[in-house]
Amino acid sequence: MATNWWKNLVRSKVLLSRNVGERHLLLGNEAIARGAIEAGVKVVTTYPGTPSSEIADSLSYVAKDAGIYMEYSTNEIVAVEVAAGASLCGVRALSCMKHVGLNVASDALITLAYTGVRGGFVLVTADDPGCWSSQNEQDNRYYALLANLPCFEPSNSQEAKDWIVYAFDLSEKFELPILFRTTTRVSHTLAPVEIGPIHKSLDHGKFIPDVKRFVMVPDFARARHVALINKMESIKELNEKSSFNKIIEGGEKLGFITSGASFNYTMEAIDLLGIEASILKIGMIHPFPEQLVKDFVRRFEEVFIVEELEPYIENTVKASTINLGVKIIGKSNNFLPKNGELSTSIITKALAKVLGKPLPKNFISDISFEEIKKILPPRPPILCPGCPHRASFYAIKRSMKGMQINCTDIGCYALGIQEPLKIGDLLICMGASVGTACGISKSQERPVVSIIGDSTFFHAAIPGLINAVYNNHRIITIILDNCATAMTGFQPHPGTGLTGMGKQGKRVIIEEVVKGCGIEHIEVVDPYNVKQTCDALLRAIEYPGPSVIVARRKCSLLATQEKRRQGLKIIPYKIIDDKCKKCFACVKVLGCPAINTLNGTIFIDFNLCTGCGVCEQICPYKAIEISRDELW
Amino acid sequence: MVEKCNIVIAGVGGQGVLLAAEILGNGALIEGYDVRVSEIHGMAQRGGSVVCDVRIGERVYAPTTPDGMADIMLGLEPIETLRYLRFTSSETLIVMNIKPVKPVSVLMGMVKDLSLENIIQIINRYYAKAILIDAMDIAMKAGNPVVQNVVMLGVLASTNRLPISVNAIKESLKQLVSPKYLELNIRAFELGLKAGETYSLFRR
Ligand code: SF4
Ligand code: SF4
């Protein structure tokens, strides 16, 4: 029952610890944070995103004590630019994001590879094979190839911590940004980490102009591209002999090449099947250690490649060993899938099949799990009781009568697709709700709504809105402002004014930004006021141009926590039995999880109800009231 | 030293699955073992299904337990225990809290419920060793329903299947639980321990 602040305190002690040699359990993400502190990082930037968030969140918590400047930037490309600016002044900088965040940041990164950096600069990309909490499972190792930058891939917390320290050194030595790729199972696994010494680094630097190096007009860019290629040649030489790649010897019968999380599963699968095999584990996956790989592959008749998602290592190995006549077994032979997470089970089964080995005995179960699964009630994540998004969705549904098309966006409100409200017809990426709505409004007759959260609005909606004004797209944008980046752990954003250093700064007011974009029809509503919200929506439907409704109400989870902390009472609502006609509108139309039906009865769970009062407003028989007993 | 011990912990968001896993993982570290604890954040919000692995041994690589290889299934909630049974075999020790948390889909009348009797039947049909405990009841005796997770750790510690000593778990609790709640948690752990001990006596 540790409260969060206690957990934060415990972890921050570890992050700041001077006790070299001490061992602690750390998430891969926390290990990266600790490694950055050991490396003397001075500037940390991020836009939150699972599975990367804990890196910057934990650094935000200790920033002051560690002498770090930490900020939540408006989006990933801004985060990379801020960190790059710091690095160009000679201080060490870290930027962290989820895999799709690097799509946003890539424009800056790829040219930054040309200019290079000065203080060590490491960019962490946390990939999400299996889409645990993402809209795709893209393989960001290809960004290393695209930008032609060194890329590390650790397989556990200890490596993550140790390698980050080295990555900063390497970055400074070659004046290049370094990519550091983790996956969900590395970022979100607790594993032992041995604490190392904290190094000193520049607190403050200076910017020394160098036009030919830093101003990437075509002439200078051409020369810098050559400089990049040369640097990468030297790093490749280093990587051929580096200790980041290692061979676990197990004879000449079978060879395996793997990296990152896949290495862990490979080790266990080989052990489970009791086979003899040598394993080459690659730690720096770009620039690829071709000679090392060639010398390894040569020893075998067949080499298995074990990696998640794309056949990155496989294709690279094939290209460098084409003349050796060794059979390379990977994705192209359907040995392993190109999608999803791997696991010890998947690899064990695949290997057993190819090698004709019997499966471990526990793999063949006498229990029919499929049968059991069929009778299990599902328990998907849902919008919380009293969630203001639910109230907004209800108002949208009621005022638009299902006529509208809902372009939704990235955040908790994506959960709106579930029963009974089912709001969400299109979801692509951060900010896409606005742009796609523009196109849809031009191409068919039904009204189009774009639904976007507060943090996502600042991140990516502004160009879309300006586009809607400029090209006169008749769309209704509903900005669900719950005063936090709720989905990823309640990080602050420009609308809250709170900074990564824990200070209250200037708030950026959403409706003022919207006005500045040129939107003329703007209304701010409280989604807990159902009539007000519905009326505003009806006016927006009538309006002949682009319009915006800001539905502002603090996240109910956050608000409830705050009330509890302040010792304020939460007054729940209740259903008056005599008045209730059992129409079930509150359950079947609104669907607040605090309203329960059990054996034909209907009641509000006092422990779950946050007292938002939305159900009271929608009950056609006025059977829901605030519970008076609690008012005494 | 044991070769390897795989513990799968299943429950509902808000029940303290992650904390229970971390307490065990940290206890294993205190005992000098290598350990991996898997956590999945993100979409598993309050009220969603949560599963966590604690893998203990001399050397552990992967964070997740292969299908059928769980030595222990620690179920903080009956339906969620069933949901992750594919990690178990008939030799797995099941330690399950019999206090259900009804899924919203059931409470809203959208899907059919699965009764506790049904769940217990399934467990008893397939598993030789199962300890079924009302952790809510014990947690209330300890002083607060939120410590059900620590009660269950106590029950688990009463079996001889865990390679972590009672003292190491208590030490781990001391390190991870806020001093304000430590006494409550230790009480919950000890009540769980006692319940586990009398349970197995009773069963034999
Ligand atoms: S007042 Fe009604 S809608 Fe709001 S949280 Fe309580 S039960 Fe749910
Ligand atoms: S909406 Fe009102 S009348 Fe209908 S079931 Fe709910 S409380 Fe009863």
# chains A, B, ... in the order shown; residues from 1 in each chain; ligands from 1
$ interface_residues --of "chain A" --to "chain B" --cutoff "8 Å" --atoms "only C-alpha atoms" --output "number ranges by chain"
A: 1-3, 6-7, 10, 24-25, 50-51, 132-133, 184-185, 188-192, 261, 264-265, 267-268, 343-345, 362-367, 369, 372-373, 375-382, 384, 487-488, 587-588, 591, 593, 595-598
$ residues_near_ligand --ligand "ligand 2" --cutoff "7 Å" --atoms "only C-alpha atoms and all ligand atoms" --output "list in words"
Ile575, Lys579, Cys580, Lys581, Lys582, Cys583, Phe584, Ala585, Cys586, Val587, Ile602, Ile618, Cys619, Pro620, Tyr621, Lys622, Ala623 and Ile624 of chain A
$ residues_near_ligand --ligand "ligand 1" --cutoff "6 Å" --atoms "only C-alpha atoms and all ligand atoms" --output "JSON, numbers by chain"
{"A": [385, 386, 572, 573, 592, 594, 595, 604, 609, 610, 611, 612, 613, 614, 615]}
$ write_last_selection --atoms "all heavy atoms" --output "short mmCIF file (atom, residue, chain, number, x, y, z; two decimals), in the first residue's frame"
data_model
loop_
_atom_site.label_atom_id
_atom_site.label_comp_id
_atom_site.auth_asym_id
_atom_site.auth_seq_id
_atom_site.Cartn_x
_atom_site.Cartn_y
_atom_site.Cartn_z
N PRO A 385 -15.07 6.00 -13.15
CA PRO A 385 -16.32 6.59 -12.68
C PRO A 385 -16.17 8.12 -12.64
O PRO A 385 -15.13 8.63 -12.23
CB PRO A 385 -16.46 6.05 -11.25
CG PRO A 385 -15.56 4.87 -11.17
CD PRO A 385 -14.48 5.06 -12.17
N GLY A 386 -17.19 8.80 -13.07
CA GLY A 386 -17.15 10.27 -13.04
C GLY A 386 -16.21 10.89 -14.05
O GLY A 386 -15.94 12.10 -14.00
N PRO A 572 -21.36 11.01 -2.67
CA PRO A 572 -21.86 10.19 -3.78
C PRO A 572 -23.35 10.45 -4.05
O PRO A 572 -24.04 11.05 -3.23
CB PRO A 572 -21.65 8.77 -3.28
CG PRO A 572 -21.65 8.87 -1.79
CD PRO A 572 -21.21 10.24 -1.42
N TYR A 573 -23.78 9.99 -5.20
CA TYR A 573 -25.20 10.06 -5.55
C TYR A 573 -25.86 8.73 -5.24
O TYR A 573 -25.18 7.72 -5.02
CB TYR A 573 -25.36 10.43 -7.03
CG TYR A 573 -25.21 11.91 -7.27
CD1 TYR A 573 -24.00 12.54 -7.07
CD2 TYR A 573 -26.30 12.67 -7.64
CE1 TYR A 573 -23.86 13.91 -7.25
CE2 TYR A 573 -26.18 14.04 -7.82
CZ TYR A 573 -24.96 14.67 -7.62
OH TYR A 573 -24.85 16.01 -7.80
N CYS A 592 -21.80 4.67 -16.51
CA CYS A 592 -20.80 4.94 -15.48
C CYS A 592 -20.59 3.66 -14.67
O CYS A 592 -21.56 3.06 -14.21
CB CYS A 592 -21.26 6.07 -14.56
SG CYS A 592 -20.17 6.27 -13.13
N ALA A 594 -19.81 3.16 -11.78
CA ALA A 594 -20.25 3.20 -10.39
C ALA A 594 -21.71 2.78 -10.26
O ALA A 594 -22.19 2.51 -9.17
CB ALA A 594 -20.05 4.60 -9.81
N ILE A 595 -22.44 2.77 -11.39
CA ILE A 595 -23.84 2.35 -11.35
C ILE A 595 -23.91 0.86 -11.67
O ILE A 595 -23.51 0.44 -12.76
CB ILE A 595 -24.70 3.15 -12.36
CG1 ILE A 595 -24.45 4.66 -12.16
CG2 ILE A 595 -26.18 2.81 -12.19
CD1 ILE A 595 -25.19 5.54 -13.14
N ILE A 604 -26.02 2.61 -6.87
CA ILE A 604 -24.73 3.29 -7.09
C ILE A 604 -23.76 2.85 -6.02
O ILE A 604 -24.07 2.88 -4.83
CB ILE A 604 -24.92 4.81 -7.08
CG1 ILE A 604 -25.73 5.24 -8.32
CG2 ILE A 604 -23.58 5.53 -7.06
CD1 ILE A 604 -26.03 6.72 -8.41
N CYS A 609 -18.46 6.00 -6.75
CA CYS A 609 -19.07 7.24 -7.23
C CYS A 609 -18.22 8.44 -6.82
O CYS A 609 -17.80 8.56 -5.67
CB CYS A 609 -20.48 7.36 -6.66
SG CYS A 609 -21.24 8.94 -7.08
N THR A 610 -17.93 9.31 -7.78
CA THR A 610 -17.11 10.50 -7.47
C THR A 610 -18.00 11.72 -7.26
O THR A 610 -17.50 12.82 -7.06
CB THR A 610 -16.12 10.79 -8.61
OG1 THR A 610 -16.88 11.16 -9.77
CG2 THR A 610 -15.27 9.59 -8.94
N GLY A 611 -19.31 11.52 -7.37
CA GLY A 611 -20.23 12.63 -7.12
C GLY A 611 -20.28 13.64 -8.24
O GLY A 611 -20.53 14.82 -8.00
N CYS A 612 -20.08 13.19 -9.48
CA CYS A 612 -20.05 14.14 -10.60
C CYS A 612 -21.45 14.68 -10.93
O CYS A 612 -21.61 15.77 -11.44
CB CYS A 612 -19.42 13.51 -11.83
SG CYS A 612 -20.48 12.35 -12.70
N GLY A 613 -22.48 13.89 -10.64
CA GLY A 613 -23.84 14.36 -10.82
C GLY A 613 -24.37 14.26 -12.25
O GLY A 613 -25.47 14.74 -12.53
N VAL A 614 -23.63 13.63 -13.14
CA VAL A 614 -24.09 13.54 -14.53
C VAL A 614 -25.31 12.61 -14.63
O VAL A 614 -26.29 12.92 -15.31
CB VAL A 614 -22.95 13.08 -15.46
CG1 VAL A 614 -23.46 12.77 -16.85
CG2 VAL A 614 -21.87 14.16 -15.51
N CYS A 615 -25.28 11.50 -13.90
CA CYS A 615 -26.39 10.55 -13.99
C CYS A 615 -27.70 11.21 -13.53
O CYS A 615 -28.76 10.93 -14.07
CB CYS A 615 -26.09 9.29 -13.18
SG CYS A 615 -25.66 9.60 -11.47
#
$ residues_around --residues "Lys194 in chain B" --least-positions-apart "3" --cutoff "12 Å" --atoms "only C-alpha atoms" --output "list in words"
Ile133, Ile138, Val151, Met152, Leu153, Gly154, Val155, Leu156, Ala157, Ser158, Thr159, Val166, Arg187, Ala188, Phe189, Glu190, Leu191, Glu197, Thr198, Tyr199, Ser200 and Leu201 of chain B
$ closest_residue --among "B:Gly143, B:Gly57, B:Gly192, B:Gly75" --to "Val8 in chain B" --atoms "only C-alpha atoms"
B:Gly75
$ atom_distance --atom1 "CA of Met136 in chain B" --atom2 "CA of Leu193 in chain B"
14.4 Å
$ residues_around --residues "range 68-71 of chain A" --least-positions-apart "3" --cutoff "10 Å" --atoms "only C-alpha atoms" --output "VMD selection string"
chain A and resid 37 40 to 47 56 to 57 59 to 65 74 79 82 to 83 92 to 95 203 492 to 493 498 to 502
$ residues_around --residues "Ala113 in chain A" --least-positions-apart "6" --cutoff "7 Å" --atoms "only C-alpha atoms" --output "list in words"
Ala147, Leu149, Leu176, Pro177 and Leu228 of chain A
$ write_last_selection --atoms "C-alpha atoms" --output "PDB file, in the first residue's frame"
ATOM      1  CA  ALA A 147      19.732   8.794 -39.803  1.00  0.00           C
ATOM      2  CA  LEU A 149      23.517   7.063 -36.192  1.00  0.00           C
ATOM      3  CA  LEU A 176      27.232  12.536 -32.739  1.00  0.00           C
ATOM      4  CA  PRO A 177      23.754  11.986 -31.285  1.00  0.00           C
ATOM      5  CA  LEU A 228      28.923  11.764 -40.796  1.00  0.00           C
TER       6      LEU A 228
END
$ select_by_dssp --residues "range 53-135 of chain A" --states "helix (DSSP H, G or I)" --output "ChimeraX atom specification"
/A:53-66,76-88,99-115
$ closest_residue --among "A:Gly255, A:Pro527, A:Gly439, A:Gly330" --to "Val293 in chain A" --atoms "only C-alpha atoms"
A:Gly255
$ closest_residue --among "A:Asn333, A:Ser278, A:Ser52, A:Thr408" --to "Val434 in chain A" --atoms "only C-alpha atoms"
A:Thr408
$ residues_around --residues "Gly35 in chain A" --least-positions-apart "5" --cutoff "6 Å" --atoms "only C-alpha atoms" --output "number ranges by chain"
A: 161, 164-165
$ residues_around --residues "Lys129 in chain B" --least-positions-apart "3" --cutoff "8 Å" --atoms "only C-alpha atoms" --output "PyMOL selection string"
chain B and resi 91-94
$ write_last_selection --atoms "all heavy atoms" --output "compact mmCIF listing (two decimals), in the first residue's frame"
# COMPACT_ATOMS: atom_id res chain seq x y z
N GLU B 91 0.86 -29.04 -11.75
CA GLU B 91 1.76 -29.06 -10.59
C GLU B 91 1.89 -27.70 -9.91
O GLU B 91 2.50 -27.59 -8.86
CB GLU B 91 3.16 -29.50 -11.03
CG GLU B 91 3.24 -30.97 -11.36
CD GLU B 91 4.38 -31.27 -12.31
OE1 GLU B 91 5.44 -30.61 -12.20
OE2 GLU B 91 4.19 -32.13 -13.17
N THR B 92 1.33 -26.69 -10.56
CA THR B 92 1.46 -25.35 -9.99
C THR B 92 0.69 -25.23 -8.68
O THR B 92 -0.42 -25.75 -8.56
CB THR B 92 0.90 -24.31 -10.99
OG1 THR B 92 1.58 -24.48 -12.23
CG2 THR B 92 1.10 -22.89 -10.49
N LEU B 93 1.29 -24.55 -7.72
CA LEU B 93 0.58 -24.26 -6.47
C LEU B 93 -0.28 -23.02 -6.69
O LEU B 93 0.21 -21.97 -7.10
CB LEU B 93 1.58 -23.99 -5.34
CG LEU B 93 1.00 -23.37 -4.06
CD1 LEU B 93 0.10 -24.35 -3.33
CD2 LEU B 93 2.11 -22.88 -3.13
N ILE B 94 -1.59 -23.17 -6.45
CA ILE B 94 -2.49 -22.03 -6.61
C ILE B 94 -2.77 -21.43 -5.23
O ILE B 94 -3.20 -22.15 -4.33
CB ILE B 94 -3.84 -22.46 -7.23
CG1 ILE B 94 -3.62 -23.30 -8.49
CG2 ILE B 94 -4.74 -21.26 -7.49
CD1 ILE B 94 -3.32 -22.54 -9.73
$ atom_distance --atom1 "CA of Leu351 in chain A" --atom2 "CA of Glu371 in chain A"
27.4 Å
$ select_by_dssp --residues "range 283-336 of chain A" --states "strand (DSSP E or B)" --output "list in words"
Met284, Ile285, His286, Glu302, Val303, Phe304, Ile305, Val306, Lys327, Ile328 and Ile329 of chain A
$ closest_residue --among "B:Asp137, B:Glu117, B:Glu31, B:Asp71" --to "Lys170 in chain B" --atoms "only C-alpha atoms"
B:Glu31
